[in-house]
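Report on the following structure.
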Amino acid sequence: MPRPYILCHNDKWFVFLGCSLVALCTSKAEALEMQREWIRKSQAINGNEDPYMIPALPDRPTMLLENGNN
């Protein structure tokens, strides 16, 4: 999961996750707390596992074809 980042513009603090705005804050401290909260949520969802791990498919018997026929 991407790491949330913070931008400041006109005394407003924006917290983004990827391209999505997830919070609009009035102070830097509030924005940092929101960023930490999203990081905690991400870790809880992933269960501290590798987020890019592909689950294994269940084993299936191999189907053999003879001359293109079953």
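Identifiers in the structure tokens: chain A, B, ... in order shown; residue index from 1 per chain; ligand index from 1 in order shown.
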Identify all residues of region 2-42 of chain A in helix (DSSP H, G or I) (DSSP on the backbone) and supply them as a PDB file with N, CA and C atoms, in the first residue's frame.
```pdb
ATOM      1  N   LYS A  28      -0.317  21.253  11.028  1.00  0.00           N
ATOM      2  CA  LYS A  28       0.659  20.232  10.640  1.00  0.00           C
ATOM      3  C   LYS A  28       0.598  19.040  11.584  1.00  0.00           C
ATOM      4  N   ALA A  29       0.430  19.307  12.882  1.00  0.00           N
ATOM      5  CA  ALA A  29       0.356  18.225  13.863  1.00  0.00           C
ATOM      6  C   ALA A  29      -0.829  17.305  13.572  1.00  0.00           C
ATOM      7  N   GLU A  30      -1.961  17.900  13.229  1.00  0.00           N
ATOM      8  CA  GLU A  30      -3.150  17.114  12.894  1.00  0.00           C
ATOM      9  C   GLU A  30      -2.901  16.280  11.638  1.00  0.00           C
ATOM     10  N   ALA A  31      -2.236  16.852  10.644  1.00  0.00           N
ATOM     11  CA  ALA A  31      -1.925  16.129   9.414  1.00  0.00           C
ATOM     12  C   ALA A  31      -0.960  14.970   9.676  1.00  0.00           C
ATOM     13  N   LEU A  32       0.036  15.190  10.518  1.00  0.00           N
ATOM     14  CA  LEU A  32       0.980  14.123  10.855  1.00  0.00           C
ATOM     15  C   LEU A  32       0.279  12.989  11.598  1.00  0.00           C
ATOM     16  N   GLU A  33      -0.642  13.328  12.487  1.00  0.00           N
ATOM     17  CA  GLU A  33      -1.397  12.299  13.208  1.00  0.00           C
ATOM     18  C   GLU A  33      -2.265  11.504  12.243  1.00  0.00           C
ATOM     19  N   MET A  34      -2.880  12.181  11.292  1.00  0.00           N
ATOM     20  CA  MET A  34      -3.698  11.499  10.281  1.00  0.00           C
ATOM     21  C   MET A  34      -2.834  10.579   9.429  1.00  0.00           C
ATOM     22  N   GLN A  35      -1.640  11.038   9.079  1.00  0.00           N
ATOM     23  CA  GLN A  35      -0.711  10.215   8.306  1.00  0.00           C
ATOM     24  C   GLN A  35      -0.351   8.950   9.093  1.00  0.00           C
ATOM     25  N   ARG A  36      -0.038   9.107  10.377  1.00  0.00           N
ATOM     26  CA  ARG A  36       0.295   7.948  11.209  1.00  0.00           C
ATOM     27  C   ARG A  36      -0.889   6.985  11.318  1.00  0.00           C
ATOM     28  N   GLU A  37      -2.102   7.530  11.417  1.00  0.00           N
ATOM     29  CA  GLU A  37      -3.294   6.691  11.509  1.00  0.00           C
ATOM     30  C   GLU A  37      -3.476   5.848  10.246  1.00  0.00           C
ATOM     31  N   TRP A  38      -3.257   6.457   9.081  1.00  0.00           N
ATOM     32  CA  TRP A  38      -3.380   5.705   7.832  1.00  0.00           C
ATOM     33  C   TRP A  38      -2.296   4.648   7.709  1.00  0.00           C
ATOM     34  N   ILE A  39      -1.100   4.930   8.218  1.00  0.00           N
ATOM     35  CA  ILE A  39      -0.027   3.925   8.204  1.00  0.00           C
ATOM     36  C   ILE A  39      -0.413   2.762   9.102  1.00  0.00           C
ATOM     37  N   ARG A  40      -0.969   3.042  10.298  1.00  0.00           N
ATOM     38  CA  ARG A  40      -1.425   1.976  11.207  1.00  0.00           C
ATOM     39  C   ARG A  40      -2.522   1.142  10.545  1.00  0.00           C
ATOM     40  N   LYS A  41      -3.473   1.798   9.880  1.00  0.00           N
ATOM     41  CA  LYS A  41      -4.546   1.075   9.191  1.00  0.00           C
ATOM     42  C   LYS A  41      -3.966   0.153   8.121  1.00  0.00           C
ATOM     43  N   SER A  42      -3.009   0.654   7.381  1.00  0.00           N
ATOM     44  CA  SER A  42      -2.381  -0.134   6.324  1.00  0.00           C
ATOM     45  C   SER A  42      -1.697  -1.363   6.902  1.00  0.00           C
TER      46      SER A  42
END
```
> Any idea what the distance is between CA of Gln43 (chain A) and CA of Leu7 (chain A)?
Replying inline: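 These atoms are spaced 22.4 Å apart.
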>> Show me, as a list in words, the residues that have an atom within 8 Å of Asp11 (chain A) when counting only C-alpha atoms, minus same-chain residues fewer than 3 positions from it.
In response: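 Skipping anything fewer than 3 positions along the chain leaves Cys8, Thr26 and Ser27 of chain A.
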>> To one decimal place in Å, what is the distance between CA of Gly18 (chain A) and CA of Pro4 (chain A)?
In response: 7.0 Å
> When you draw a straight line from CA of Cys19 (chain A) to CA of Tyr5 (chain A), how long is it in Å?
Replying inline: 10.1 Å
